[in-house]
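Here the structure is laid out as structure tokens; the discussion comes afterwards.
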Amino acid sequence: MEKVVLDVPTLWADHHVLKVREALLPLEGVKDVYASSAWKKVLVSYDPGKVNVAALEKALADANYPVGEGKMPMLVQPTEKRRDPAWAEMAYRVTETNRVDLEMSGEFRRY
Amino acid sequence: MSRYIATRAIRGSNALVAEAEALLKQAVEEKGADTPVAFPNTAYFLPVTFGMLAHEVNTLGDLEFSLAHAKKLLHPLPEDNLWVPYLGETLDSGMATLLAAEAIEGVRFAYGEEPTLYPGLELAGSTSYPQLNGTGHLNGPIDDIQLRSWGIQLVDGRMPGFAALVGAAHSNEAAVAIVRELQRRNILTFLCGNTNGRSVIDQLHEEGVEMGYDTYIVPFGTDTISAIYPLGFATRSALTFGGLKAGQWRDILIYNKFRVFAFVLALGEVDDLKYAAAAGAISYGFPTIADTVIPEILPTGVTRYEHVISMPWNEIEAETEEERAAKMVQRAIEVRGVKVKITEVPVPVAYGSAFEGEVVRRADMRAEFGGKNSRAFEYLLMAPMDEVEDGKIELIGPGLDTLDEGGSMDLALVVEVAGRKMQEDFEPVLERQFHYFINGASGIQHIGQRDITWIRISKAAAEKGFDLKHFGDILYARFHADFGAIVDKLQIKIITDPDLHAEWLAKAREAYDFRNRRLADLTDDAVDTFYSCILCQSFAPTHVCVVSPQRLGLCGAYNWLDCKASYEINPTGPNQPIQKGQCLDDDKGYFAGVNEYAKMASQGTVEEVTMYSIMENPMTACGCFECIVMVIPEANGVMVVSREDPSMTPAGMTFSTLAGIAGGGLQTPGIMGVGKFYLTSPKFVSADGGFKRIVWMSSFLKETMAEEFKQVAEREGDPDLIAKIADETICTDVEGLLAYLESVGHPALTMDMMF
């Protein structure tokens, strides 16, 4: 039994974990899979007589999780001008401290 | 603010919004922008999107607006060297994540991929889907029916809050221990997410833990995206009970911070999406407690106390998994500021309201009392002080050990109560508590009341040592804890001896009969005091229920006697006496004292209220009503829709949609929320013509209250009246309704015009 750790940059959430396991576990020779969305890595225990790393990588690529390729999409890039938090976009914006906030926000504000 | 957390939340939100966009684009190409998108049985569309943006999502095309808005809330990653406060950006990202997650669930519904299939799972109560029957699938979003039926428990403190468990616990044993600890505190438990493909749902399923609405454990989905459902539940709480409108995002979030006690338990590793979703939860004031090592956010602010807490499971000082779970849950409720009252009940099984809905099936049954093969009854009576020995619990007759497995036996639970403030009127109020008290024990099922009581003890409970005497222990502990103000002493007889059983049964039946006659004599005219119920003001701040002998509370849980007892128990509590005062209009039910109280207690929102009219200043409603009564002008009558009925009505709206108009403490002539037993009262909309005005009624009510309605029909002088009332199986539109009413000669057609 051998083990291999594969980098999968597009494995960033647990719904991807389900897909990655679904892609690898049916392969003959794959004994165990630990897919970590926190570390974006997959640890596979496999029988080298029945399956090899290339086959594992192919299965992942076919499932849209290529090894060592891709990255998490960032829709917003840093610019010179800092973006303000966009709460105002939700609706009108109250710019002074709201009375209700003061009343409801707990003991600590009174001191 | 933690840069580590901010970075991950911002990154996770960017990625999820991008993924949702791609998914939506593909879905629109494949299925068309007009493809319907809807969560089941809700009037709030996709509730987070609806609550935050006032945007109604009905089709795939409508999701484009949600995602465009989510994109506006995204931010770039924090720079390496520049220290800025990241809180605003993180909260923006959290909200963007929620909008994207809800859009993804919407697309999944459009594809028929929700609820998630889960072979072998049988839910004890769930959202209903046309093609599914509660087996072989997870719950998906909670429907409005369940939200409202939990309403009264959420406001009266029986259900102090909810916990969203995301991921998988350290072990199956730990998962069970955490959930049992939450159940013991009656905290609703919502399950979602996974760690390495294993979800806490899998762990509980493997350990045979029953999940579903009835056990307060709701499995939503096996990924973190389904964590949107608990937040949809929270959003709808504000819209349903808080009288808030869609788009009042700020008020909805503040409402949740101060009124909905919820928290997140992150079990297992935390990835970028979990950080992003936790940021969304923080916007609602819900903190996250993780069982792994993660950075913490300790200062107060958006949440009431700490925002993020790390409690690595293996570092919790304890000897067993149960102790670790207890410490973790205890820490979580401290961090959230949940107020939990636990009554220690000395029985060998777990105890808490969360076990109330548990069902003991015949195959799992050790013994039963009542039902088809035996007679069980319960009787509570007042006794003089010197005749009651406090804490005396007697088993008179053969015990459980004499019964074969699966056998049955006659049983009587007789409780004698003494108290300086005890009154005979409180006997039935207290007796009705047996059901809730006994059902709280895990593995015990209690159905019915009086002499149609039916109790089952499961094999599992019997194996843990549960015996008949423990019924006495439960009643003793709970009556003292919950009704200590009126119960000074109580003694309990558990009778299985046949002769004594027959003797007490005769006495009990005599008392039941006396109470029935007494209740029949108790009319609005015969008393000079009504009671208020402002329990729900914790959720619906301007709603005031006025409870009279002939009009029980709209939730169905509090009648006049309950309120009277509640006032005795807690004189400064939510049930206050209202002196009727001068009667201003006998017909419509205007009373000077009631008006004055309603104005004061609704903070001036309600100026006048009628007790018996739907057309003029009807009573307000919170959101917990059992039924909605609404005028159908074309039919010159009213329809009654039950909470359990998801079908279309002749008003062109389902219960869920109607509830949005009837609830929230608003006074809307022509529509009101009521308790179902009010329908049988002679005072039911008596100013507008009474029961004969009902032209349409949910078949659920017709079936479950057949006996009561039969008597009402006779009282109204038309024994065939119920058959003349249409239901959803006959028609769901006005044209069909009018045709039916004419064909059967419904009396409403010839009554005075309502307008």
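By convention here, the chains of the structure tokens are called A, B, ... in the order presented, each chain's residues are numbered starting at 1, and ligands are numbered starting at 1 in the order presented.
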Requested in this report: Would you please give, as a VMD selection string, all residues of region 577-674 of chain B that DSSP assigns to strand (DSSP E) based on the backbone?
Outcome: chain B and resid 577 to 579 583 to 585 590 to 591 627 to 632 637 to 642 671 to 674
Next, dump the selected residues to file, keeping only C-alpha atoms, as an mmCIF file, in the first residue's frame.
data_model
loop_
_atom_site.group_PDB
_atom_site.id
_atom_site.type_symbol
_atom_site.label_atom_id
_atom_site.label_comp_id
_atom_site.auth_asym_id
_atom_site.auth_seq_id
_atom_site.Cartn_x
_atom_site.Cartn_y
_atom_site.Cartn_z
ATOM 1 C CA PRO B 577 -55.736 40.289 34.002
ATOM 2 C CA ILE B 578 -57.741 42.771 31.946
ATOM 3 C CA GLN B 579 -60.820 44.178 33.614
ATOM 4 C CA CYS B 583 -69.193 47.191 27.508
ATOM 5 C CA LEU B 584 -69.221 49.629 24.571
ATOM 6 C CA ASP B 585 -70.711 47.250 22.022
ATOM 7 C CA TYR B 590 -65.877 46.347 22.379
ATOM 8 C CA PHE B 591 -64.890 46.741 26.013
ATOM 9 C CA CYS B 627 -55.558 28.892 11.361
ATOM 10 C CA ILE B 628 -56.204 31.971 9.278
ATOM 11 C CA VAL B 629 -59.740 33.245 8.799
ATOM 12 C CA MET B 630 -60.239 35.451 5.767
ATOM 13 C CA VAL B 631 -63.272 37.051 4.200
ATOM 14 C CA ILE B 632 -64.231 35.883 0.710
ATOM 15 C CA GLY B 637 -68.529 34.401 3.969
ATOM 16 C CA VAL B 638 -65.144 33.485 5.348
ATOM 17 C CA MET B 639 -62.657 30.733 4.680
ATOM 18 C CA VAL B 640 -60.518 28.997 7.301
ATOM 19 C CA VAL B 641 -57.085 27.741 6.304
ATOM 20 C CA SER B 642 -55.173 25.488 8.622
ATOM 21 C CA ILE B 671 -58.252 38.636 7.970
ATOM 22 C CA MET B 672 -57.091 37.285 11.288
ATOM 23 C CA GLY B 673 -55.165 34.422 12.846
ATOM 24 C CA VAL B 674 -57.017 32.227 15.345
#
Query raised in the report: Looking only at the backbone, which of the residues in region 530-722 of chain B does DSSP tag as helix (DSSP H, G or I), as a ChimeraX atom specification?
Result: /B:535-538,560-569,592-601,633-635,655-662,676-680,686-688,690-693,699-704,706-715,721-722
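Near Tyr65 (chain A), within 8 Å and counting only C-alpha atoms, sit Val8, Pro9, Thr10, Leu11, Val20, Leu60, Ala61 and Asp62 of chain A; same-chain residues fewer than 3 positions away were not included.
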Chain B residues near chain A within 6 Å, closest pair each, using only C-alpha atoms, as a tab-separated table:
residue	atom	partner	partner_atom	distance
B:Asn14	CA	A:Met74	CA	5.3
B:Ala15	CA	A:Pro73	CA	5.0
B:Leu73	CA	A:Ala86	CA	5.5
B:His75	CA	A:Val76	CA	5.7
B:Pro76	CA	A:Val76	CA	5.0
B:Gly88	CA	A:Pro85	CA	5.2
B:Glu89	CA	A:Pro85	CA	5.2
B:Asn196	CA	A:Ala35	CA	5.2
B:Gly197	CA	A:Leu18	CA	5.3
B:Asp223	CA	A:His15	CA	5.2
B:Val270	CA	A:Ala38	CA	5.8
B:Asp271	CA	A:Ala38	CA	3.9
B:Leu273	CA	A:Ala13	CA	5.5
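Of note, CA of Glu616 (chain B) and CA of Asp528 (chain B) are spaced 22.8 Å apart.
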Report task. Work out how far CA of His543 (chain B) is from CA of Glu607 (chain B), in Å to one decimal. Result -> 12.1 Å
